[in-house]
>>> print(open('protein-v7.cif').read())   # mmCIF, C-alpha atoms
data_protein
#
loop_
_atom_site.label_atom_id
_atom_site.label_comp_id
_atom_site.auth_asym_id
_atom_site.auth_seq_id
_atom_site.Cartn_x
_atom_site.Cartn_y
_atom_site.Cartn_z
CA MET A 1 67.18 -56.35 158.67
CA THR A 2 66.11 -58.94 156.08
CA ASP A 3 68.29 -60.57 153.45
CA TYR A 4 66.78 -58.22 150.94
CA ASP A 5 67.67 -54.91 152.59
CA ASP A 6 71.22 -54.66 151.31
CA VAL A 7 70.33 -55.39 147.69
CA GLU A 8 72.01 -52.82 145.46
CA ILE A 9 71.06 -54.15 142.05
CA LEU A 10 67.56 -55.40 141.31
CA LEU A 11 67.74 -57.55 138.20
CA VAL A 12 64.34 -58.07 136.59
CA GLU A 13 64.66 -60.80 133.99
CA ASP A 14 62.44 -63.73 133.00
CA ASN A 15 65.17 -65.56 131.11
CA ARG A 16 67.17 -67.75 133.48
CA GLN A 17 70.20 -67.88 131.16
CA ASP A 18 70.35 -64.12 130.70
CA ALA A 19 70.03 -63.67 134.46
CA GLU A 20 72.87 -66.09 135.11
CA MET A 21 75.07 -64.46 132.49
CA THR A 22 74.41 -61.03 133.98
CA THR A 23 75.29 -62.12 137.51
CA ARG A 24 78.37 -63.97 136.23
CA ALA A 25 79.44 -60.82 134.39
CA LEU A 26 79.02 -58.72 137.54
CA LYS A 27 81.07 -61.21 139.54
CA LYS A 28 83.72 -61.35 136.85
CA CYS A 29 84.15 -57.60 137.12
CA LYS A 30 84.43 -57.90 140.89
CA ILE A 31 81.11 -56.16 141.35
CA VAL A 32 80.04 -58.45 144.12
CA ASN A 33 77.44 -56.17 145.62
CA LYS A 34 74.25 -57.86 146.38
CA VAL A 35 72.02 -58.59 143.42
CA TYR A 36 68.45 -59.80 143.70
CA TRP A 37 66.92 -61.52 140.72
CA ALA A 38 63.19 -60.93 140.20
CA LYS A 39 61.74 -63.28 137.61
CA ASP A 40 59.11 -60.90 136.26
CA GLY A 41 57.51 -57.48 136.67
CA VAL A 42 55.08 -58.55 139.39
CA GLU A 43 57.87 -59.84 141.60
CA ALA A 44 59.89 -56.68 140.92
CA LEU A 45 57.04 -54.41 142.04
CA ASN A 46 56.43 -56.57 145.12
CA PHE A 47 60.11 -56.24 145.95
CA ILE A 48 60.19 -52.46 145.59
CA ARG A 49 56.85 -51.91 147.35
CA CYS A 50 57.65 -54.44 150.10
CA THR A 51 54.49 -56.40 149.50
CA GLU A 52 53.64 -60.13 149.37
CA GLU A 53 56.76 -62.23 149.99
CA PHE A 54 58.76 -59.03 150.67
CA GLU A 55 56.47 -57.54 153.31
CA ASN A 56 59.24 -57.63 155.92
CA ARG A 57 61.71 -55.83 153.74
CA ASN A 58 62.70 -52.32 154.83
CA LYS A 59 61.03 -49.88 152.44
CA ASN A 60 63.74 -47.30 152.97
CA CYS A 61 66.35 -49.61 151.46
CA THR A 62 66.07 -49.06 147.75
CA PRO A 63 68.42 -50.61 145.18
CA LYS A 64 70.92 -48.28 143.52
CA VAL A 65 69.75 -49.40 140.10
CA ILE A 66 67.13 -51.61 138.51
CA LEU A 67 68.26 -53.61 135.48
CA LEU A 68 65.02 -54.29 133.66
CA ASP A 69 64.11 -56.60 130.81
CA LEU A 70 61.13 -55.54 128.69
CA LYS A 71 59.40 -58.64 127.42
CA MET A 72 58.29 -60.67 130.42
CA PRO A 73 55.26 -62.69 131.46
CA ARG A 74 52.56 -61.34 133.80
CA LEU A 75 53.79 -57.74 133.82
CA ASP A 76 56.20 -56.48 131.20
CA GLY A 77 59.02 -54.00 131.61
CA LEU A 78 57.17 -50.96 130.26
CA ASP A 79 54.38 -51.53 132.81
CA VAL A 80 56.96 -51.78 135.58
CA ILE A 81 58.44 -48.43 134.51
CA ARG A 82 54.96 -46.85 134.40
CA ALA A 83 54.18 -48.13 137.89
CA LEU A 84 57.48 -47.02 139.44
CA LYS A 85 57.49 -43.59 137.83
CA ALA A 86 53.90 -42.99 138.94
CA GLU A 87 54.77 -43.30 142.65
CA GLU A 88 56.62 -40.51 144.41
CA SER A 89 58.54 -42.96 146.61
CA THR A 90 59.92 -45.00 143.71
CA ARG A 91 60.22 -42.39 140.97
CA LYS A 92 63.87 -41.61 141.70
CA ILE A 93 65.22 -45.17 141.52
CA PRO A 94 67.39 -45.35 138.41
CA ILE A 95 66.15 -47.84 135.81
CA VAL A 96 68.32 -49.21 133.02
CA VAL A 97 66.48 -51.24 130.42
CA MET A 98 68.48 -54.30 129.33
CA THR A 99 66.72 -56.10 126.55
CA SER A 100 67.17 -58.04 123.34
CA SER A 101 64.94 -55.62 121.50
CA ASN A 102 66.55 -52.89 119.44
CA GLN A 103 63.18 -51.74 118.14
CA GLU A 104 62.96 -47.99 117.97
CA ARG A 105 59.47 -47.95 119.47
CA ASP A 106 60.75 -49.69 122.64
CA VAL A 107 63.64 -47.26 123.01
CA THR A 108 61.39 -44.25 122.46
CA GLU A 109 58.66 -45.48 124.79
CA SER A 110 61.14 -46.40 127.53
CA TYR A 111 62.69 -42.94 127.50
CA ARG A 112 59.28 -41.28 127.29
CA LEU A 113 58.38 -43.09 130.48
CA GLY A 114 61.54 -41.85 132.15
CA VAL A 115 64.20 -44.60 132.13
CA ASN A 116 67.81 -43.63 132.79
CA GLY A 117 69.39 -45.88 130.20
CA TYR A 118 68.59 -48.36 127.46
CA VAL A 119 71.00 -51.14 126.52
CA THR A 120 70.47 -53.78 123.86
CA LYS A 121 72.00 -57.00 125.20
CA PRO A 122 74.97 -57.78 122.97
CA VAL A 123 75.04 -61.26 121.44
CA GLN A 124 78.83 -61.46 121.68
CA SER A 125 79.91 -62.58 125.13
CA THR A 126 82.82 -60.16 125.53
CA ALA A 127 80.58 -57.24 124.64
CA PHE A 128 77.90 -58.56 127.00
CA VAL A 129 80.29 -58.76 129.96
CA GLU A 130 81.61 -55.29 129.12
CA ALA A 131 78.13 -53.78 128.92
CA VAL A 132 77.06 -55.26 132.26
CA ALA A 133 80.34 -54.18 133.89
CA ASN A 134 79.98 -50.60 132.62
CA ILE A 135 76.42 -50.36 133.87
CA GLY A 136 77.35 -51.80 137.25
CA MET A 137 80.38 -49.56 137.70
CA PHE A 138 78.53 -46.40 136.74
CA TRP A 139 75.38 -46.85 138.80
CA LEU A 140 77.04 -48.29 141.87
CA PHE A 141 80.23 -46.26 142.09
CA VAL A 142 80.04 -43.17 139.90
CA ASN A 143 76.47 -41.99 140.00
CA SER A 144 74.81 -40.13 142.89
CA THR A 145 71.08 -40.19 143.45
CA PRO A 146 68.96 -37.89 145.63
CA VAL A 147 68.63 -39.07 149.20
CA MET B 1 42.32 -53.13 101.13
CA THR B 2 43.78 -50.74 103.67
CA THR B 3 42.69 -52.98 106.52
CA GLU B 4 44.27 -56.04 104.92
CA PHE B 5 47.49 -54.09 104.39
CA GLU B 6 47.46 -52.85 107.98
CA VAL B 7 46.91 -56.38 109.29
CA LEU B 8 49.80 -57.67 107.17
CA THR B 9 52.07 -54.84 108.33
CA ALA B 10 51.17 -55.49 111.96
CA GLU B 11 51.88 -59.21 111.51
CA LEU B 12 55.27 -58.46 109.97
CA GLU B 13 56.01 -56.06 112.79
CA SER B 14 55.19 -58.67 115.41
CA PHE B 15 57.19 -61.29 113.49
CA SER B 16 60.28 -59.15 113.42
CA TYR B 17 59.83 -58.24 117.09
CA SER B 18 59.72 -61.94 118.01
CA VAL B 19 62.74 -62.69 115.87
CA SER B 20 64.74 -59.92 117.41
CA HIS B 21 63.82 -60.81 120.98
CA ASP B 22 63.10 -64.53 121.15
CA LEU B 23 65.71 -65.89 118.75
CA ARG B 24 68.54 -63.70 119.95
CA ALA B 25 68.21 -64.81 123.57
CA PRO B 26 69.13 -68.50 123.07
CA VAL B 27 71.94 -67.60 120.67
CA ARG B 28 73.35 -65.20 123.24
CA ALA B 29 73.14 -67.95 125.85
CA VAL B 30 74.98 -70.48 123.65
CA ILE B 31 77.78 -67.99 122.98
CA GLY B 32 77.90 -66.75 126.58
CA PHE B 33 78.00 -70.16 128.23
CA SER B 34 80.48 -71.52 125.71
CA ARG B 35 82.73 -68.62 126.63
CA ALA B 36 82.21 -69.35 130.34
CA LEU B 37 83.19 -72.97 129.67
CA GLU B 38 86.27 -71.78 127.81
CA ASP B 39 87.23 -69.33 130.57
CA ASP B 40 86.69 -71.58 133.56
CA TYR B 41 87.11 -75.15 132.31
CA ALA B 42 89.54 -74.95 129.38
CA VAL B 43 92.15 -76.85 131.41
CA CYS B 44 89.82 -79.86 131.56
CA LEU B 45 89.59 -80.03 127.76
CA ASP B 46 92.15 -81.39 125.32
CA ASP B 47 92.92 -79.72 121.98
CA GLU B 48 90.05 -81.46 120.24
CA GLY B 49 87.64 -80.42 122.99
CA ARG B 50 88.72 -76.80 122.67
CA ARG B 51 88.41 -76.98 118.89
CA LEU B 52 84.85 -78.30 119.18
CA LEU B 53 84.01 -75.44 121.51
CA THR B 54 85.23 -72.86 118.98
CA VAL B 55 83.04 -74.54 116.35
CA VAL B 56 80.01 -74.15 118.64
CA VAL B 57 80.75 -70.46 119.14
CA SER B 58 81.40 -69.72 115.48
CA GLU B 59 78.20 -71.49 114.39
CA ALA B 60 76.17 -69.63 117.01
CA GLN B 61 77.69 -66.41 115.72
CA ARG B 62 76.56 -67.38 112.27
CA ILE B 63 73.00 -67.85 113.52
CA SER B 64 73.22 -64.39 115.00
CA GLU B 65 74.33 -62.96 111.64
CA LEU B 66 71.45 -64.75 109.90
CA ILE B 67 68.96 -63.28 112.37
CA ASP B 68 70.40 -59.80 111.76
CA GLY B 69 70.11 -60.42 108.01
CA LEU B 70 66.51 -61.53 108.30
CA LEU B 71 65.66 -58.44 110.30
CA ALA B 72 67.41 -56.15 107.84
CA PHE B 73 65.46 -57.81 105.02
CA SER B 74 62.18 -57.40 106.85
CA ARG B 75 62.96 -53.77 107.66
CA VAL B 76 63.59 -52.70 104.04
CA GLY B 77 60.16 -54.04 103.14
CA ARG B 78 58.39 -52.08 105.83
CA GLN B 79 60.13 -48.76 106.20
CA PRO B 80 58.24 -45.85 104.66
CA MET B 81 59.65 -44.55 101.37
CA GLU B 82 60.36 -40.95 100.58
CA HIS B 83 60.72 -40.02 96.94
CA VAL B 84 63.34 -37.39 96.18
CA LEU B 85 65.66 -36.77 93.26
CA VAL B 86 68.69 -38.95 94.00
CA GLU B 87 72.04 -38.10 92.43
CA MET B 88 73.23 -41.60 91.70
CA THR B 89 76.82 -40.66 90.76
CA VAL B 90 77.31 -38.89 94.09
CA LEU B 91 75.69 -41.74 95.98
CA ALA B 92 77.77 -44.46 94.31
CA CYS B 93 80.99 -42.43 94.85
CA GLU B 94 80.15 -41.93 98.52
CA VAL B 95 79.60 -45.64 98.98
CA VAL B 96 82.91 -46.45 97.27
CA ASN B 97 84.83 -43.89 99.35
CA GLU B 98 83.36 -45.03 102.63
CA ARG B 99 84.08 -48.65 101.79
CA ALA B 100 87.85 -48.15 101.82
CA SER B 101 88.86 -49.39 105.27
CA PRO B 102 86.59 -52.35 106.14
CA ASP B 103 86.69 -55.79 104.55
CA PRO B 104 90.03 -57.31 103.67
CA PRO B 105 91.92 -54.46 102.01
CA SER B 106 92.11 -54.96 98.31
CA ASP B 107 93.46 -53.30 95.20
CA VAL B 108 90.14 -53.35 93.42
CA VAL B 109 89.95 -50.54 90.88
CA ILE B 110 86.46 -49.07 90.73
CA GLU B 111 85.40 -46.90 87.79
CA ILE B 112 82.18 -44.94 87.98
CA ASP B 113 80.69 -43.32 84.85
CA ASP B 114 78.25 -40.43 85.02
CA LEU B 115 75.01 -41.91 86.27
CA PRO B 116 71.63 -40.27 85.62
CA SER B 117 69.76 -39.04 88.68
CA VAL B 118 66.50 -40.74 89.49
CA SER B 119 63.47 -40.30 91.71
CA GLY B 120 63.59 -42.66 94.65
CA ASP B 121 64.30 -43.16 98.34
CA HIS B 122 67.79 -41.92 99.15
CA VAL B 123 68.41 -44.27 102.10
CA LEU B 124 67.15 -47.38 100.33
CA LEU B 125 68.98 -46.64 97.07
CA ARG B 126 72.17 -46.12 99.04
CA MET B 127 71.72 -49.65 100.40
CA VAL B 128 71.38 -50.95 96.85
CA TRP B 129 74.76 -49.45 95.94
CA GLU B 130 76.34 -50.67 99.17
CA HIS B 131 75.33 -54.26 98.55
CA LEU B 132 76.13 -54.28 94.84
CA ILE B 133 79.54 -52.64 95.25
CA SER B 134 80.48 -54.79 98.23
CA ASN B 135 79.38 -57.84 96.29
CA ALA B 136 81.43 -56.91 93.22
CA THR B 137 84.57 -56.18 95.23
CA LYS B 138 84.18 -59.33 97.29
CA PHE B 139 83.98 -61.61 94.30
CA SER B 140 86.76 -59.93 92.32
CA ARG B 141 89.32 -59.25 95.05
CA LEU B 142 91.21 -62.49 94.46
CA GLU B 143 91.85 -61.67 90.78
CA THR B 144 95.28 -60.43 89.72
CA LEU B 145 93.85 -57.12 88.53
CA PRO B 146 90.48 -56.81 90.23
CA ARG B 147 88.23 -54.32 88.55
CA VAL B 148 84.70 -53.03 88.99
CA ARG B 149 82.89 -50.82 86.51
CA ILE B 150 79.68 -48.95 87.15
CA TRP B 151 77.69 -47.37 84.36
CA ALA B 152 74.13 -46.65 83.32
CA SER B 153 72.04 -46.29 80.21
CA GLN B 154 68.93 -44.23 79.79
CA GLU B 155 65.99 -45.79 78.00
CA PRO B 156 62.60 -44.15 77.17
CA THR B 157 60.83 -45.38 80.31
CA ARG B 158 63.63 -46.44 82.60
CA ILE B 159 67.26 -46.07 83.58
CA VAL B 160 69.41 -49.20 83.75
CA TYR B 161 72.30 -49.18 86.23
CA ASN B 162 75.02 -51.82 85.98
CA VAL B 163 77.80 -53.03 88.27
CA GLN B 164 80.29 -55.23 86.51
CA ASP B 165 83.21 -57.10 88.03
CA ASN B 166 85.88 -59.39 86.63
CA GLY B 167 85.67 -61.82 89.52
CA VAL B 168 84.68 -65.45 89.92
CA GLY B 169 81.31 -65.08 88.18
CA PHE B 170 78.77 -67.88 88.32
CA GLU B 171 76.88 -70.27 86.08
CA MET B 172 73.80 -68.66 84.56
CA ALA B 173 71.84 -71.86 85.30
CA TYR B 174 71.76 -70.68 88.92
CA SER B 175 70.99 -67.03 88.21
CA ASP B 176 67.38 -67.32 89.40
CA LYS B 177 68.70 -68.22 92.85
CA LEU B 178 71.01 -65.24 93.05
CA PHE B 179 68.47 -62.74 94.43
CA GLY B 180 66.79 -65.24 96.78
CA ILE B 181 66.99 -64.85 100.53
CA PHE B 182 70.03 -66.57 102.10
CA GLN B 183 71.11 -67.88 98.69
CA LYS B 184 74.82 -68.15 98.08
CA LEU B 185 76.39 -69.37 94.87
CA HIS B 186 79.87 -69.50 96.35
CA GLY B 187 80.72 -71.18 99.61
CA GLY B 188 83.98 -71.65 101.39
CA ASP B 189 86.12 -69.34 103.44
CA ASN B 190 87.03 -67.01 100.60
CA PHE B 191 83.60 -65.43 100.31
CA SER B 192 81.99 -64.77 103.64
CA GLY B 193 78.46 -63.44 103.98
CA THR B 194 74.95 -64.54 104.73
CA GLY B 195 73.44 -64.34 101.26
CA ILE B 196 70.97 -61.63 102.22
CA GLY B 197 72.46 -58.63 100.36
CA LEU B 198 71.06 -59.27 96.91
CA ALA B 199 67.66 -60.24 98.33
CA ILE B 200 67.62 -56.80 99.95
CA VAL B 201 68.63 -55.21 96.63
CA LYS B 202 65.78 -56.98 94.84
CA ARG B 203 63.25 -55.95 97.47
CA ILE B 204 64.29 -52.29 97.35
CA VAL B 205 64.29 -52.15 93.57
CA HIS B 206 60.85 -53.81 93.44
CA ARG B 207 59.52 -51.27 95.90
CA HIS B 208 60.62 -48.60 93.42
CA GLY B 209 58.72 -50.39 90.65
CA GLY B 210 61.94 -51.60 89.03
CA THR B 211 63.59 -54.91 88.14
CA VAL B 212 66.92 -56.63 88.84
CA TRP B 213 68.86 -59.19 86.88
CA ALA B 214 72.34 -60.61 86.43
CA ASP B 215 74.54 -61.74 83.63
CA ALA B 216 77.65 -63.84 84.25
CA LYS B 217 79.94 -66.64 83.25
CA LEU B 218 81.78 -68.87 85.66
CA GLY B 219 85.31 -67.55 86.05
CA GLU B 220 84.69 -64.52 83.88
CA GLY B 221 82.99 -62.04 86.17
CA ALA B 222 79.43 -60.87 86.56
CA THR B 223 77.26 -57.87 85.77
CA LEU B 224 74.42 -57.10 88.12
CA SER B 225 71.85 -54.65 86.81
CA PHE B 226 68.83 -52.86 88.07
CA ALA B 227 66.35 -50.71 86.20
CA LEU B 228 64.30 -47.94 87.77
CA PRO B 229 61.29 -46.40 86.05
CA ILE B 230 61.36 -42.72 85.10
CA GLY B 231 58.54 -40.27 84.70
CA ARG B 232 56.66 -41.42 87.77
CA GLU B 233 56.70 -40.33 91.34
#
>>> encode(input="protein-v7.cif", output="structure tokens")
Amino acid sequence: MTDYDDVEILLVEDNRQDAEMTTRALKKCKIVNKVYWAKDGVEALNFIRCTEEFENRNKNCTPKVILLDLKMPRLDGLDVIRALKAEESTRKIPIVVMTSSNQERDVTESYRLGVNGYVTKPVQSTAFVEAVANIGMFWLFVNSTPV
Amino acid sequence: MTTEFEVLTAELESFSYSVSHDLRAPVRAVIGFSRALEDDYAVCLDDEGRRLLTVVVSEAQRISELIDGLLAFSRVGRQPMEHVLVEMTVLACEVVNERASPDPPSDVVIEIDDLPSVSGDHVLLRMVWEHLISNATKFSRLETLPRVRIWASQEPTRIVYNVQDNGVGFEMAYSDKLFGIFQKLHGGDNFSGTGIGLAIVKRIVHRHGGTVWADAKLGEGATLSFALPIGRE
């Protein structure tokens, strides 16, 4: 078993500050399950597909939810969704978009591609912590996914 | 012409996308980390340190409001318009009735005369009333008997709608600034806001082929008017 096999939340975020705030918020709400932070879409796909630096990761260990930013270098969030939803083995992993964009076209396109949730990151810190906590609680403890 | 317009629209679209994504992120970080500092290290700060931290947060919140204002302004310029017959009396009354609970509660008396209907975009014209009525109540609410009057007059080629208040007014020398983006003629804690509302009003009215103007005297209230053309679609 590698360090990556017990990851329950895959956080895909290019902004270091947003990533830190998200992990802080999860810790604050006592959601201390293992989070892995992928810095862009390429790293996220490598993680899920167990390729490149993750080649020793167990492919059967999938995160319970992917928290995905949209605007990222190399491979953006929409491309990550397209790639994951196109593969039978990764199609069922829940994806929640967490982004600064409240543009209707991003919301529409994300849902068209099959995301499970879309959250605009609140600017206010209390609302931010609350949003992250709600997402974490729901996808880790309330929701069931097919085996 | 169409190509030029499309290029301009696409540029605006990309501008507003960048604003909404790229500018919000650092503001969110400033607010978030200030709060983390407050939560975890407040004991290390004295009263002055804690006061300075609240200033940082409140100024960052202000930046966030300005970004939202800028986006709202950009949106009213781009969103497609749909011309229908708009019942202005109904619209103004709706806006007044829905206004009741927010803002600091006030005893502002609002009178609405019969207003002629006009051809225009229902959603955008509603925003015009929202901003003008909220503006009038904001600047008159500190008066002993705050009062707002809304009326209209029909002219051969246009209808002129007016919103008059008996509030603080302003000096006419500055009236050209009134409808500018982020322009405020009154500062201080009594009159909050970003100064975007009347810029939005002007943009919407211009998109309808109309004009806006104001008449006021410092300390004696203000009348904000807009005229919309009739007899055209």
>>> interface_residues(input="protein-v7.cif", of="chain B", to="chain A", cutoff="8 Å", atoms="all atoms listed in the file", output="JSON, numbers by chain")
{"B": [17, 20, 21, 22, 24, 25, 27, 28, 29, 31, 32, 33, 35, 61, 64]}
>>> write_last_selection(input="protein-v7.cif", atoms="C-alpha atoms", output="PDB file, in the coordinates of the input")
ATOM      1  CA  TYR B  17      59.830 -58.240 117.090  1.00  0.00           C
ATOM      2  CA  SER B  20      64.740 -59.920 117.410  1.00  0.00           C
ATOM      3  CA  HIS B  21      63.820 -60.810 120.980  1.00  0.00           C
ATOM      4  CA  ASP B  22      63.100 -64.530 121.150  1.00  0.00           C
ATOM      5  CA  ARG B  24      68.540 -63.700 119.950  1.00  0.00           C
ATOM      6  CA  ALA B  25      68.210 -64.810 123.570  1.00  0.00           C
ATOM      7  CA  VAL B  27      71.940 -67.600 120.670  1.00  0.00           C
ATOM      8  CA  ARG B  28      73.350 -65.200 123.240  1.00  0.00           C
ATOM      9  CA  ALA B  29      73.140 -67.950 125.850  1.00  0.00           C
ATOM     10  CA  ILE B  31      77.780 -67.990 122.980  1.00  0.00           C
ATOM     11  CA  GLY B  32      77.900 -66.750 126.580  1.00  0.00           C
ATOM     12  CA  PHE B  33      78.000 -70.160 128.230  1.00  0.00           C
ATOM     13  CA  ARG B  35      82.730 -68.620 126.630  1.00  0.00           C
ATOM     14  CA  GLN B  61      77.690 -66.410 115.720  1.00  0.00           C
ATOM     15  CA  SER B  64      73.220 -64.390 115.000  1.00  0.00           C
TER      16      SER B  64
END
>>> resolve_selection(input="protein-v7.cif", expression="the PyMOL selection byres ((chain B and resi 225) around 10)", output="NGL selection string")
:B and (132 or 150-152 or 160-164 or 211-215 or 222-224 or 226-227)
>>> atom_distance(input="protein-v7.cif", atom1="CA of Ser144 (chain A)", atom2="CA of Asp69 (chain A)")
23.1 Å
>>> residues_around(input="protein-v7.cif", residues="Asp14 (chain A)", least_positions_apart="3", cutoff="7 Å", atoms="all atoms listed in the file", output="ChimeraX atom specification")
/A:39-40,72
>>> resolve_selection(input="protein-v7.cif", expression="the PyMOL selection byres ((chain B and resi 120) around 7)", output="ChimeraX atom specification")
/B:82-86,118-119,121-122,208
>>> closest_residue(input="protein-v7.cif", among="A:Ile31, A:Cys50, A:Met98, A:Leu113", to="Asp79 (chain A)", atoms="only C-alpha atoms")
A:Leu113
>>> atom_distance(input="protein-v7.cif", atom1="CA of Lys59 (chain A)", atom2="CA of Asp6 (chain A)")
11.3 Å
>>> atom_distance(input="protein-v7.cif", atom1="CA of Ile63 (chain B)", atom2="CA of Val19 (chain B)")
11.7 Å
>>> resolve_selection(input="protein-v7.cif", expression="the PyMOL selection byres ((chain A and resi 117) around 10)", output="PDB file with C-alpha atoms, in the coordinates of the input")
ATOM      1  CA  LEU A  67      68.260 -53.610 135.480  1.00  0.00           C
ATOM      2  CA  PRO A  94      67.390 -45.350 138.410  1.00  0.00           C
ATOM      3  CA  ILE A  95      66.150 -47.840 135.810  1.00  0.00           C
ATOM      4  CA  VAL A  96      68.320 -49.210 133.020  1.00  0.00           C
ATOM      5  CA  VAL A  97      66.480 -51.240 130.420  1.00  0.00           C
ATOM      6  CA  MET A  98      68.480 -54.300 129.330  1.00  0.00           C
ATOM      7  CA  VAL A 107      63.640 -47.260 123.010  1.00  0.00           C
ATOM      8  CA  SER A 110      61.140 -46.400 127.530  1.00  0.00           C
ATOM      9  CA  TYR A 111      62.690 -42.940 127.500  1.00  0.00           C
ATOM     10  CA  GLY A 114      61.540 -41.850 132.150  1.00  0.00           C
ATOM     11  CA  VAL A 115      64.200 -44.600 132.130  1.00  0.00           C
ATOM     12  CA  ASN A 116      67.810 -43.630 132.790  1.00  0.00           C
ATOM     13  CA  TYR A 118      68.590 -48.360 127.460  1.00  0.00           C
ATOM     14  CA  VAL A 119      71.000 -51.140 126.520  1.00  0.00           C
ATOM     15  CA  ILE A 135      76.420 -50.360 133.870  1.00  0.00           C
TER      16      ILE A 135
END
>>> closest_residue(input="protein-v7.cif", among="A:Ile81, A:Leu140, A:Ala127, A:Leu75", to="Arg112 (chain A)", atoms="all atoms listed in the file")
A:Ile81
>>> residues_near_point(input="protein-v7.cif", point="(65.4, -52.8, 139.9)", cutoff="10 Å", atoms="all atoms listed in the file", output="MDAnalysis selection string")
chainID A and resid 7:13 35:38 41 44:45 47:48 62:69 80:81 84 93:97
>>> axis_aligned_box(input="protein-v7.cif", around="region 4-7 of chain A", padding_each_side="4 Å", output="lines of an AutoDock Vina configuration file")
center_x = 69.0
center_y = -56.4
center_z = 150.1
size_x = 12.4
size_y = 11.6
size_z = 12.9
>>> closest_residue(input="protein-v7.cif", among="B:Leu228, B:Ala72, B:Ile110, B:Leu37", to="Gly210 (chain B)", atoms="only C-alpha atoms")
B:Leu228
>>> residues_around(input="protein-v7.cif", residues="Pro116 (chain B)", least_positions_apart="5", cutoff="8 Å", atoms="all atoms listed in the file", output="PyMOL selection string")
chain B and resi 87-89+152+154+159
>>> closest_residue(input="protein-v7.cif", among="B:Asp114, B:Asp107, B:Asp39, B:Asp165", to="Asn135 (chain B)", atoms="only C-alpha atoms")
B:Asp165
>>> residues_around(input="protein-v7.cif", residues="Pro146 (chain B)", least_positions_apart="2", cutoff="12 Å", atoms="all atoms listed in the file", output="ChimeraX atom specification")
/B:106-111,136-144,148-149,164-168,220-221
>>> residues_near_point(input="protein-v7.cif", point="(77.4, -47.1, 100.8)", cutoff="9 Å", atoms="all atoms listed in the file", output="MDAnalysis selection string")
chainID B and resid 91:99 126:131 133:134
>>> write_last_selection(input="protein-v7.cif", atoms="C-alpha atoms", output="compact mmCIF listing (two decimals), in the frame of the given file")
# COMPACT_ATOMS: atom_id res chain seq x y z
CA LEU B 91 75.69 -41.74 95.98
CA ALA B 92 77.77 -44.46 94.31
CA CYS B 93 80.99 -42.43 94.85
CA GLU B 94 80.15 -41.93 98.52
CA VAL B 95 79.60 -45.64 98.98
CA VAL B 96 82.91 -46.45 97.27
CA ASN B 97 84.83 -43.89 99.35
CA GLU B 98 83.36 -45.03 102.63
CA ARG B 99 84.08 -48.65 101.79
CA ARG B 126 72.17 -46.12 99.04
CA MET B 127 71.72 -49.65 100.40
CA VAL B 128 71.38 -50.95 96.85
CA TRP B 129 74.76 -49.45 95.94
CA GLU B 130 76.34 -50.67 99.17
CA HIS B 131 75.33 -54.26 98.55
CA ILE B 133 79.54 -52.64 95.25
CA SER B 134 80.48 -54.79 98.23
